Amino acid sequence: MNGKGHLLRDKMANSGLVQIMAAHSPLSALLAQEAGFDGIWASGFELSALYGLADVSLISMTQHLDMMRAMAERVDLPIVADIDTGFGNAINVIHAVQQYERAGASAVVIEDKSFPKVTSLVTDGRQELLRIEEFQGKIEAACQTRKDAGFLVVARDEALIAGLGEQEALKRAAAYEEAGADMVLIHSKRKTPDEVESFVRAFKGRVPLVIVPTAYPEMTTERIRALGKIKMVIYGNHAIRAAVMAMKDVFAAILKDGGIQNVDRVIVSVEEIFRLQGMDKVRADEKRYLR
Ligand code: SPV
Ligand code: MG
């Protein structure tokens, strides 16, 4: 039990918007923390990409949990764990919530897709959703399992992603709130914010909403705040995309330039990596303890 879920709850209750950055490693989590984000998104998409795999339930719970634990050991920020479908039915969800809470997560997001899931943003993805009652059982199981009352259970509503329309999305959001979800994540792959904005205006529930505006980047924090009901924004894959861009540029330049002479000026110094690794402390400990 780490009790950090209440930090997110407090900030949201004080009419704040919490900004959560995706990470796929302790290093990327540390950089998000240093940048000033409120929490870390232990993204399934990012971790899948890190392994060079599609985000279609190929990464096991153990792989994702181990990375989440490694991040929790390196950063102080609360971690919102993307546990996909909960790795099976409500029984699997019970096991997953026990494991993730013990490993240091402050929140879990569980999506209403069937296992194995297909990544949400892909064009014409095969999106199969669970029956509402079945997913309610999974949310109830998650809520009953958590030990810390501050731990957040977020129900992810994929009705818009599955092309089922706003009425179905609203119906599902209400059912998930009734099952005890602390928040509802409404996801959309529309290229503009209008689909989500329309949902938010029509949503009559009491729980705060979460969005992942990857597909509709004009949804700025200013625009989110103006809507009122969204209290958490997750930047879902910007760590891995930034890393890929940087690596591509540098790798190409080294071959083109015939050496590392030009990139040396544009990449971070070895000293900066030492700092992120905590090398200063190692040096101090060497002085103190090695005899
Ligand atoms: C993730 O980052 O793993 C997500 C967000 O679930 S998305 O890829 O948009 O589905
Ligand atoms: Mg995911």
# chains A, B, ... in the order shown; residues from 1 in each chain; ligands from 1

call {"tool": "closest_atom_pairs", "arguments": {"of": "chain A", "to": "ligand 1", "cutoff": "6 Å", "atoms": "only C-alpha atoms and all ligand atoms", "output": "Markdown table"}}
result
| residue | atom | partner | partner_atom_place_in_ligand_line | distance |
| --- | --- | --- | --- | --- |
| A:Ser43 | CA | ligand 1 | 3 (O) | 4.1 |
| A:Gly44 | CA | ligand 1 | 3 (O) | 3.7 |
| A:Phe45 | CA | ligand 1 | 3 (O) | 3.6 |
| A:Thr119 | CA | ligand 1 | 10 (O) | 5.5 |
| A:Ser120 | CA | ligand 1 | 10 (O) | 4.5 |
| A:Leu121 | CA | ligand 1 | 9 (O) | 5.6 |
| A:Gly236 | CA | ligand 1 | 2 (O) | 4.2 |
| A:Asn237 | CA | ligand 1 | 2 (O) | 5.5 |

call {"tool": "write_last_selection", "arguments": {"atoms": "N, CA and C atoms", "output": "PDB file, in the first residue's frame"}}
result
ATOM      1  N   SER A  43       1.883   2.568 -19.520  1.00  0.00           N
ATOM      2  CA  SER A  43       1.140   2.311 -20.756  1.00  0.00           C
ATOM      3  C   SER A  43       1.419   0.930 -21.341  1.00  0.00           C
ATOM      4  N   GLY A  44       0.365   0.230 -21.704  1.00  0.00           N
ATOM      5  CA  GLY A  44       0.527  -1.051 -22.386  1.00  0.00           C
ATOM      6  C   GLY A  44       1.050  -0.863 -23.800  1.00  0.00           C
ATOM      7  N   PHE A  45       0.615   0.191 -24.440  1.00  0.00           N
ATOM      8  CA  PHE A  45       1.064   0.492 -25.803  1.00  0.00           C
ATOM      9  C   PHE A  45       2.563   0.746 -25.813  1.00  0.00           C
ATOM     10  N   THR A 119      -5.437  -2.865 -29.948  1.00  0.00           N
ATOM     11  CA  THR A 119      -5.094  -1.471 -29.654  1.00  0.00           C
ATOM     12  C   THR A 119      -6.164  -0.521 -30.219  1.00  0.00           C
ATOM     13  N   SER A 120      -6.472   0.540 -29.474  1.00  0.00           N
ATOM     14  CA  SER A 120      -7.662   1.346 -29.785  1.00  0.00           C
ATOM     15  C   SER A 120      -7.540   2.245 -31.006  1.00  0.00           C
ATOM     16  N   LEU A 121      -6.335   2.762 -31.276  1.00  0.00           N
ATOM     17  CA  LEU A 121      -6.240   3.832 -32.270  1.00  0.00           C
ATOM     18  C   LEU A 121      -6.046   3.337 -33.697  1.00  0.00           C
ATOM     19  N   GLY A 236      -0.770   9.524 -23.801  1.00  0.00           N
ATOM     20  CA  GLY A 236      -0.661   8.070 -23.816  1.00  0.00           C
ATOM     21  C   GLY A 236       0.561   7.443 -24.447  1.00  0.00           C
ATOM     22  N   ASN A 237       1.230   8.112 -25.370  1.00  0.00           N
ATOM     23  CA  ASN A 237       2.354   7.428 -26.034  1.00  0.00           C
ATOM     24  C   ASN A 237       3.469   8.379 -26.436  1.00  0.00           C
TER      25      ASN A 237
END

call {"tool": "residues_near_ligand", "arguments": {"ligand": "ligand 2", "cutoff": "10 Å", "atoms": "only C-alpha atoms and all ligand atoms", "output": "number ranges by chain"}}
result
A: 41-48, 55-57, 81-85, 109-111, 117-120, 236-237

call {"tool": "residues_around", "arguments": {"residues": "region 195-203 of chain A", "least_positions_apart": "5", "cutoff": "8 Å", "atoms": "only C-alpha atoms", "output": "number ranges by chain"}}
result
A: 166, 169-170, 186-188, 190, 227, 229-230

call {"tool": "atom_distance", "arguments": {"atom1": "CA of Ala155 (chain A)", "atom2": "CA of Thr62 (chain A)"}}
result
21.5 Å

call {"tool": "select_by_dssp", "arguments": {"residues": "region 9-185 of chain A", "states": "helix (DSSP H, G or I)", "output": "VMD selection string"}}
result
chain A and resid 9 to 13 26 to 35 44 to 50 61 to 74 90 to 102 132 to 145 166 to 178

call {"tool": "write_last_selection", "arguments": {"atoms": "C-alpha atoms", "output": "PDB file, in the first residue's frame"}}
result
ATOM      1  CA  ARG A   9      -7.816  12.447  -5.644  1.00  0.00           C
ATOM      2  CA  ASP A  10      -6.980  15.605  -3.656  1.00  0.00           C
ATOM      3  CA  LYS A  11      -5.742  17.492  -6.667  1.00  0.00           C
ATOM      4  CA  MET A  12      -8.790  16.510  -8.706  1.00  0.00           C
ATOM      5  CA  ALA A  13     -11.156  17.378  -5.844  1.00  0.00           C
ATOM      6  CA  PRO A  26      12.079   3.724 -14.971  1.00  0.00           C
ATOM      7  CA  LEU A  27      14.225   6.203 -16.937  1.00  0.00           C
ATOM      8  CA  SER A  28      11.284   7.588 -18.923  1.00  0.00           C
ATOM      9  CA  ALA A  29       9.233   7.746 -15.700  1.00  0.00           C
ATOM     10  CA  LEU A  30      12.025   9.700 -14.037  1.00  0.00           C
ATOM     11  CA  LEU A  31      12.130  12.183 -16.915  1.00  0.00           C
ATOM     12  CA  ALA A  32       8.356  12.667 -16.699  1.00  0.00           C
ATOM     13  CA  GLN A  33       8.710  13.307 -12.983  1.00  0.00           C
ATOM     14  CA  GLU A  34      11.498  15.852 -13.523  1.00  0.00           C
ATOM     15  CA  ALA A  35       9.405  17.582 -16.191  1.00  0.00           C
ATOM     16  CA  GLY A  44       0.527  -1.051 -22.386  1.00  0.00           C
ATOM     17  CA  PHE A  45       1.064   0.492 -25.803  1.00  0.00           C
ATOM     18  CA  GLU A  46       4.465   1.915 -24.848  1.00  0.00           C
ATOM     19  CA  LEU A  47       5.671  -1.294 -23.237  1.00  0.00           C
ATOM     20  CA  SER A  48       4.482  -3.358 -26.219  1.00  0.00           C
ATOM     21  CA  ALA A  49       6.345  -0.984 -28.542  1.00  0.00           C
ATOM     22  CA  LEU A  50       9.446  -1.246 -26.364  1.00  0.00           C
ATOM     23  CA  MET A  61       0.746  -9.366 -16.993  1.00  0.00           C
ATOM     24  CA  THR A  62       4.060 -10.322 -15.407  1.00  0.00           C
ATOM     25  CA  GLN A  63       6.098  -8.337 -17.931  1.00  0.00           C
ATOM     26  CA  HIS A  64       3.926  -5.249 -17.456  1.00  0.00           C
ATOM     27  CA  LEU A  65       3.803  -5.647 -13.678  1.00  0.00           C
ATOM     28  CA  ASP A  66       7.585  -6.033 -13.417  1.00  0.00           C
ATOM     29  CA  MET A  67       8.139  -2.823 -15.372  1.00  0.00           C
ATOM     30  CA  MET A  68       5.497  -0.997 -13.333  1.00  0.00           C
ATOM     31  CA  ARG A  69       7.234  -2.127 -10.136  1.00  0.00           C
ATOM     32  CA  ALA A  70      10.615  -0.998 -11.441  1.00  0.00           C
ATOM     33  CA  MET A  71       9.139   2.442 -12.191  1.00  0.00           C
ATOM     34  CA  ALA A  72       7.534   2.627  -8.743  1.00  0.00           C
ATOM     35  CA  GLU A  73      10.930   1.918  -7.207  1.00  0.00           C
ATOM     36  CA  ARG A  74      12.567   4.785  -9.100  1.00  0.00           C
ATOM     37  CA  ALA A  90     -13.325 -10.766 -12.991  1.00  0.00           C
ATOM     38  CA  ILE A  91     -11.253 -13.487 -11.315  1.00  0.00           C
ATOM     39  CA  ASN A  92      -8.177 -12.353 -13.252  1.00  0.00           C
ATOM     40  CA  VAL A  93      -9.007  -8.757 -12.293  1.00  0.00           C
ATOM     41  CA  ILE A  94      -8.969  -9.665  -8.584  1.00  0.00           C
ATOM     42  CA  HIS A  95      -5.504 -11.150  -8.975  1.00  0.00           C
ATOM     43  CA  ALA A  96      -4.264  -8.219 -11.077  1.00  0.00           C
ATOM     44  CA  VAL A  97      -5.499  -5.546  -8.648  1.00  0.00           C
ATOM     45  CA  GLN A  98      -3.862  -7.351  -5.708  1.00  0.00           C
ATOM     46  CA  GLN A  99      -0.587  -7.571  -7.589  1.00  0.00           C
ATOM     47  CA  TYR A 100      -0.562  -4.021  -8.955  1.00  0.00           C
ATOM     48  CA  GLU A 101      -1.520  -2.426  -5.652  1.00  0.00           C
ATOM     49  CA  ARG A 102       1.216  -4.365  -3.843  1.00  0.00           C
ATOM     50  CA  ILE A 132     -22.230  -4.359 -19.729  1.00  0.00           C
ATOM     51  CA  GLU A 133     -23.096  -6.696 -16.807  1.00  0.00           C
ATOM     52  CA  GLU A 134     -19.914  -8.671 -17.285  1.00  0.00           C
ATOM     53  CA  PHE A 135     -17.776  -5.534 -17.193  1.00  0.00           C
ATOM     54  CA  GLN A 136     -19.692  -4.240 -14.148  1.00  0.00           C
ATOM     55  CA  GLY A 137     -18.640  -7.457 -12.399  1.00  0.00           C
ATOM     56  CA  LYS A 138     -15.006  -6.711 -13.235  1.00  0.00           C
ATOM     57  CA  ILE A 139     -15.254  -3.148 -11.874  1.00  0.00           C
ATOM     58  CA  GLU A 140     -16.975  -4.350  -8.693  1.00  0.00           C
ATOM     59  CA  ALA A 141     -14.300  -7.012  -8.256  1.00  0.00           C
ATOM     60  CA  ALA A 142     -11.543  -4.380  -8.607  1.00  0.00           C
ATOM     61  CA  CYS A 143     -13.196  -2.031  -6.091  1.00  0.00           C
ATOM     62  CA  GLN A 144     -13.747  -4.799  -3.539  1.00  0.00           C
ATOM     63  CA  THR A 145     -10.177  -6.046  -3.890  1.00  0.00           C
ATOM     64  CA  GLU A 166     -22.674   8.252 -28.046  1.00  0.00           C
ATOM     65  CA  GLN A 167     -25.845   6.721 -26.581  1.00  0.00           C
ATOM     66  CA  GLU A 168     -24.103   3.382 -25.992  1.00  0.00           C
ATOM     67  CA  ALA A 169     -21.071   5.187 -24.574  1.00  0.00           C
ATOM     68  CA  LEU A 170     -23.279   7.133 -22.143  1.00  0.00           C
ATOM     69  CA  LYS A 171     -25.181   3.993 -21.142  1.00  0.00           C
ATOM     70  CA  ARG A 172     -21.940   2.169 -20.426  1.00  0.00           C
ATOM     71  CA  ALA A 173     -20.445   5.103 -18.496  1.00  0.00           C
ATOM     72  CA  ALA A 174     -23.533   5.230 -16.246  1.00  0.00           C
ATOM     73  CA  ALA A 175     -23.404   1.459 -15.687  1.00  0.00           C
ATOM     74  CA  TYR A 176     -19.716   1.560 -14.790  1.00  0.00           C
ATOM     75  CA  GLU A 177     -20.300   4.422 -12.346  1.00  0.00           C
ATOM     76  CA  GLU A 178     -23.119   2.377 -10.789  1.00  0.00           C
TER      77      GLU A 178
END

call {"tool": "select_by_dssp", "arguments": {"residues": "region 103-146 of chain A", "states": "strand (DSSP E)", "output": "JSON, numbers by chain"}}
result
{"A": [107, 108, 109, 110, 111]}

call {"tool": "residues_around", "arguments": {"residues": "Thr214 (chain A)", "least_positions_apart": "3", "cutoff": "12 Å", "atoms": "only C-alpha atoms", "output": "PyMOL selection string"}}
result
chain A and resi 21-22+120-122+187-193+211+217-220+233-238+241

call {"tool": "write_last_selection", "arguments": {"atoms": "N, CA and C atoms", "output": "PDB file, in the first residue's frame"}}
result
ATOM      1  N   MET A  21       1.773  11.467 -17.653  1.00  0.00           N
ATOM      2  CA  MET A  21       2.608  11.186 -18.827  1.00  0.00           C
ATOM      3  C   MET A  21       2.940   9.700 -18.933  1.00  0.00           C
ATOM      4  N   ALA A  22       2.842   9.191 -20.138  1.00  0.00           N
ATOM      5  CA  ALA A  22       3.185   7.792 -20.401  1.00  0.00           C
ATOM      6  C   ALA A  22       4.668   7.535 -20.149  1.00  0.00           C
ATOM      7  N   SER A 120      -6.472   0.540 -29.474  1.00  0.00           N
ATOM      8  CA  SER A 120      -7.662   1.346 -29.785  1.00  0.00           C
ATOM      9  C   SER A 120      -7.540   2.245 -31.006  1.00  0.00           C
ATOM     10  N   LEU A 121      -6.335   2.762 -31.276  1.00  0.00           N
ATOM     11  CA  LEU A 121      -6.240   3.832 -32.270  1.00  0.00           C
ATOM     12  C   LEU A 121      -6.046   3.337 -33.697  1.00  0.00           C
ATOM     13  N   VAL A 122      -5.896   2.027 -33.881  1.00  0.00           N
ATOM     14  CA  VAL A 122      -5.656   1.500 -35.217  1.00  0.00           C
ATOM     15  C   VAL A 122      -6.932   1.635 -36.080  1.00  0.00           C
ATOM     16  N   HIS A 187     -12.699   7.092 -24.366  1.00  0.00           N
ATOM     17  CA  HIS A 187     -11.654   7.117 -25.384  1.00  0.00           C
ATOM     18  C   HIS A 187     -12.279   7.363 -26.756  1.00  0.00           C
ATOM     19  N   SER A 188     -11.525   8.051 -27.608  1.00  0.00           N
ATOM     20  CA  SER A 188     -11.998   8.367 -28.959  1.00  0.00           C
ATOM     21  C   SER A 188     -10.798   8.388 -29.892  1.00  0.00           C
ATOM     22  N   LYS A 189     -11.031   7.969 -31.137  1.00  0.00           N
ATOM     23  CA  LYS A 189      -9.942   8.078 -32.118  1.00  0.00           C
ATOM     24  C   LYS A 189     -10.292   9.060 -33.226  1.00  0.00           C
ATOM     25  N   ARG A 190     -11.370   9.840 -32.986  1.00  0.00           N
ATOM     26  CA  ARG A 190     -11.719  10.920 -33.917  1.00  0.00           C
ATOM     27  C   ARG A 190     -10.565  11.922 -33.973  1.00  0.00           C
ATOM     28  N   LYS A 191     -10.324  12.475 -35.155  1.00  0.00           N
ATOM     29  CA  LYS A 191      -9.164  13.369 -35.323  1.00  0.00           C
ATOM     30  C   LYS A 191      -9.356  14.750 -34.696  1.00  0.00           C
ATOM     31  N   THR A 192     -10.586  15.030 -34.296  1.00  0.00           N
ATOM     32  CA  THR A 192     -10.892  16.321 -33.664  1.00  0.00           C
ATOM     33  C   THR A 192     -11.593  16.065 -32.329  1.00  0.00           C
ATOM     34  N   PRO A 193     -11.583  17.049 -31.411  1.00  0.00           N
ATOM     35  CA  PRO A 193     -12.153  16.823 -30.076  1.00  0.00           C
ATOM     36  C   PRO A 193     -13.685  16.736 -30.024  1.00  0.00           C
ATOM     37  N   ILE A 211      -9.447  11.485 -20.147  1.00  0.00           N
ATOM     38  CA  ILE A 211      -9.293  11.349 -21.605  1.00  0.00           C
ATOM     39  C   ILE A 211      -7.832  11.087 -21.977  1.00  0.00           C
ATOM     40  N   PRO A 217      -5.156  16.044 -31.015  1.00  0.00           N
ATOM     41  CA  PRO A 217      -4.195  16.841 -30.249  1.00  0.00           C
ATOM     42  C   PRO A 217      -4.583  18.300 -30.019  1.00  0.00           C
ATOM     43  N   GLU A 218      -5.606  18.803 -30.716  1.00  0.00           N
ATOM     44  CA  GLU A 218      -6.019  20.196 -30.435  1.00  0.00           C
ATOM     45  C   GLU A 218      -6.722  20.313 -29.087  1.00  0.00           C
ATOM     46  N   MET A 219      -6.945  19.185 -28.422  1.00  0.00           N
ATOM     47  CA  MET A 219      -7.595  19.229 -27.107  1.00  0.00           C
ATOM     48  C   MET A 219      -6.560  19.669 -26.072  1.00  0.00           C
ATOM     49  N   THR A 220      -6.375  20.973 -25.968  1.00  0.00           N
ATOM     50  CA  THR A 220      -5.385  21.531 -25.036  1.00  0.00           C
ATOM     51  C   THR A 220      -5.927  21.488 -23.610  1.00  0.00           C
ATOM     52  N   VAL A 233      -5.956  13.965 -17.610  1.00  0.00           N
ATOM     53  CA  VAL A 233      -5.584  13.803 -19.018  1.00  0.00           C
ATOM     54  C   VAL A 233      -4.333  12.938 -19.061  1.00  0.00           C
ATOM     55  N   ILE A 234      -4.383  11.921 -19.914  1.00  0.00           N
ATOM     56  CA  ILE A 234      -3.250  11.000 -20.061  1.00  0.00           C
ATOM     57  C   ILE A 234      -2.618  11.234 -21.437  1.00  0.00           C
ATOM     58  N   TYR A 235      -1.324  11.568 -21.438  1.00  0.00           N
ATOM     59  CA  TYR A 235      -0.583  11.679 -22.695  1.00  0.00           C
ATOM     60  C   TYR A 235      -0.027  10.287 -22.970  1.00  0.00           C
ATOM     61  N   GLY A 236      -0.770   9.524 -23.801  1.00  0.00           N
ATOM     62  CA  GLY A 236      -0.661   8.070 -23.816  1.00  0.00           C
ATOM     63  C   GLY A 236       0.561   7.443 -24.447  1.00  0.00           C
ATOM     64  N   ASN A 237       1.230   8.112 -25.370  1.00  0.00           N
ATOM     65  CA  ASN A 237       2.354   7.428 -26.034  1.00  0.00           C
ATOM     66  C   ASN A 237       3.469   8.379 -26.436  1.00  0.00           C
ATOM     67  N   HIS A 238       3.528   9.512 -25.752  1.00  0.00           N
ATOM     68  CA  HIS A 238       4.470  10.556 -26.171  1.00  0.00           C
ATOM     69  C   HIS A 238       5.906  10.288 -25.730  1.00  0.00           C
ATOM     70  N   ARG A 241       7.173   7.764 -28.539  1.00  0.00           N
ATOM     71  CA  ARG A 241       7.263   8.450 -29.848  1.00  0.00           C
ATOM     72  C   ARG A 241       8.418   9.434 -29.863  1.00  0.00           C
TER      73      ARG A 241
END

call {"tool": "atom_distance", "arguments": {"atom1": "CA of Gly205 (chain A)", "atom2": "CA of Gly86 (chain A)"}}
result
23.9 Å

call {"tool": "atom_distance", "arguments": {"atom1": "CA of Glu128 (chain A)", "atom2": "CA of Ala162 (chain A)"}}
result
7.1 Å

call {"tool": "decode", "arguments": {"residues": "region 250-282 of chain A", "atoms": "N, CA and C atoms", "output": "mmCIF file, in the first residue's frame"}}
result
data_model
loop_
_atom_site.group_PDB
_atom_site.id
_atom_site.type_symbol
_atom_site.label_atom_id
_atom_site.label_comp_id
_atom_site.auth_asym_id
_atom_site.auth_seq_id
_atom_site.Cartn_x
_atom_site.Cartn_y
_atom_site.Cartn_z
ATOM 1 N N VAL A 250 19.415 10.453 -34.734
ATOM 2 C CA VAL A 250 20.827 10.303 -34.361
ATOM 3 C C VAL A 250 21.471 9.132 -35.106
ATOM 4 N N PHE A 251 20.756 8.018 -35.205
ATOM 5 C CA PHE A 251 21.326 6.849 -35.907
ATOM 6 C C PHE A 251 21.632 7.211 -37.366
ATOM 7 N N ALA A 252 20.671 7.903 -38.008
ATOM 8 C CA ALA A 252 20.864 8.280 -39.416
ATOM 9 C C ALA A 252 22.040 9.234 -39.556
ATOM 10 N N ALA A 253 22.146 10.184 -38.643
ATOM 11 C CA ALA A 253 23.220 11.188 -38.733
ATOM 12 C C ALA A 253 24.597 10.541 -38.574
ATOM 13 N N ILE A 254 24.733 9.569 -37.702
ATOM 14 C CA ILE A 254 26.047 8.928 -37.480
ATOM 15 C C ILE A 254 26.544 8.255 -38.760
ATOM 16 N N LEU A 255 25.640 7.550 -39.446
ATOM 17 C CA LEU A 255 26.055 6.881 -40.683
ATOM 18 C C LEU A 255 26.327 7.898 -41.787
ATOM 19 N N LYS A 256 25.470 8.921 -41.854
ATOM 20 C CA LYS A 256 25.622 9.941 -42.898
ATOM 21 C C LYS A 256 26.918 10.732 -42.704
ATOM 22 N N ASP A 257 27.209 11.098 -41.459
ATOM 23 C CA ASP A 257 28.376 11.949 -41.166
ATOM 24 C C ASP A 257 29.683 11.151 -41.106
ATOM 25 N N GLY A 258 29.580 9.820 -41.108
ATOM 26 C CA GLY A 258 30.787 9.012 -40.995
ATOM 27 C C GLY A 258 31.406 9.108 -39.613
ATOM 28 N N GLY A 259 30.587 9.164 -38.602
ATOM 29 C CA GLY A 259 31.112 9.219 -37.231
ATOM 30 C C GLY A 259 30.147 9.940 -36.293
ATOM 31 N N ILE A 260 30.581 10.076 -35.061
ATOM 32 C CA ILE A 260 29.705 10.651 -34.027
ATOM 33 C C ILE A 260 30.015 12.123 -33.748
ATOM 34 N N GLN A 261 30.884 12.703 -34.610
ATOM 35 C CA GLN A 261 31.377 14.056 -34.320
ATOM 36 C C GLN A 261 30.284 15.119 -34.293
ATOM 37 N N ASN A 262 29.247 14.981 -35.108
ATOM 38 C CA ASN A 262 28.203 16.014 -35.132
ATOM 39 C C ASN A 262 27.110 15.767 -34.105
ATOM 40 N N VAL A 263 26.746 14.500 -33.947
ATOM 41 C CA VAL A 263 25.639 14.233 -32.996
ATOM 42 C C VAL A 263 26.068 14.489 -31.560
ATOM 43 N N ASP A 264 27.358 14.438 -31.303
ATOM 44 C CA ASP A 264 27.821 14.617 -29.936
ATOM 45 C C ASP A 264 27.336 15.928 -29.329
ATOM 46 N N ARG A 265 27.147 16.924 -30.180
ATOM 47 C CA ARG A 265 26.726 18.244 -29.699
ATOM 48 C C ARG A 265 25.213 18.318 -29.476
ATOM 49 N N VAL A 266 24.453 17.392 -30.061
ATOM 50 C CA VAL A 266 22.986 17.517 -29.956
ATOM 51 C C VAL A 266 22.354 16.515 -28.994
ATOM 52 N N ILE A 267 23.070 15.475 -28.641
ATOM 53 C CA ILE A 267 22.495 14.523 -27.670
ATOM 54 C C ILE A 267 22.954 14.886 -26.261
ATOM 55 N N VAL A 268 22.280 14.336 -25.246
ATOM 56 C CA VAL A 268 22.670 14.692 -23.874
ATOM 57 C C VAL A 268 24.061 14.115 -23.586
ATOM 58 N N SER A 269 24.728 14.727 -22.635
ATOM 59 C CA SER A 269 26.092 14.311 -22.295
ATOM 60 C C SER A 269 26.064 13.017 -21.484
ATOM 61 N N VAL A 270 27.199 12.362 -21.450
ATOM 62 C CA VAL A 270 27.332 11.174 -20.609
ATOM 63 C C VAL A 270 27.125 11.573 -19.139
ATOM 64 N N GLU A 271 27.566 12.778 -18.786
ATOM 65 C CA GLU A 271 27.384 13.262 -17.406
ATOM 66 C C GLU A 271 25.898 13.339 -17.035
ATOM 67 N N GLU A 272 25.070 13.722 -18.009
ATOM 68 C CA GLU A 272 23.630 13.795 -17.739
ATOM 69 C C GLU A 272 23.067 12.396 -17.457
ATOM 70 N N ILE A 273 23.561 11.410 -18.187
ATOM 71 C CA ILE A 273 23.115 10.035 -17.912
ATOM 72 C C ILE A 273 23.605 9.602 -16.522
ATOM 73 N N PHE A 274 24.849 9.971 -16.189
ATOM 74 C CA PHE A 274 25.359 9.665 -14.837
ATOM 75 C C PHE A 274 24.418 10.236 -13.779
ATOM 76 N N ARG A 275 23.976 11.488 -14.013
ATOM 77 C CA ARG A 275 23.083 12.131 -13.037
ATOM 78 C C ARG A 275 21.790 11.333 -12.886
ATOM 79 N N LEU A 276 21.205 10.928 -14.022
ATOM 80 C CA LEU A 276 19.944 10.179 -13.977
ATOM 81 C C LEU A 276 20.142 8.799 -13.329
ATOM 82 N N GLN A 277 21.345 8.276 -13.439
ATOM 83 C CA GLN A 277 21.657 6.966 -12.831
ATOM 84 C C GLN A 277 21.974 7.061 -11.346
ATOM 85 N N GLY A 278 22.110 8.282 -10.833
ATOM 86 C CA GLY A 278 22.464 8.440 -9.423
ATOM 87 C C GLY A 278 23.929 8.140 -9.160
ATOM 88 N N MET A 279 24.780 8.482 -10.125
ATOM 89 C CA MET A 279 26.210 8.172 -9.998
ATOM 90 C C MET A 279 26.889 8.961 -8.884
ATOM 91 N N ASP A 280 26.376 10.179 -8.608
ATOM 92 C CA ASP A 280 26.960 10.985 -7.520
ATOM 93 C C ASP A 280 26.896 10.244 -6.204
ATOM 94 N N LYS A 281 25.768 9.604 -5.973
ATOM 95 C CA LYS A 281 25.603 8.882 -4.708
ATOM 96 C C LYS A 281 26.536 7.680 -4.652
ATOM 97 N N VAL A 282 26.687 7.018 -5.812
ATOM 98 C CA VAL A 282 27.610 5.874 -5.844
ATOM 99 C C VAL A 282 29.019 6.341 -5.471
#
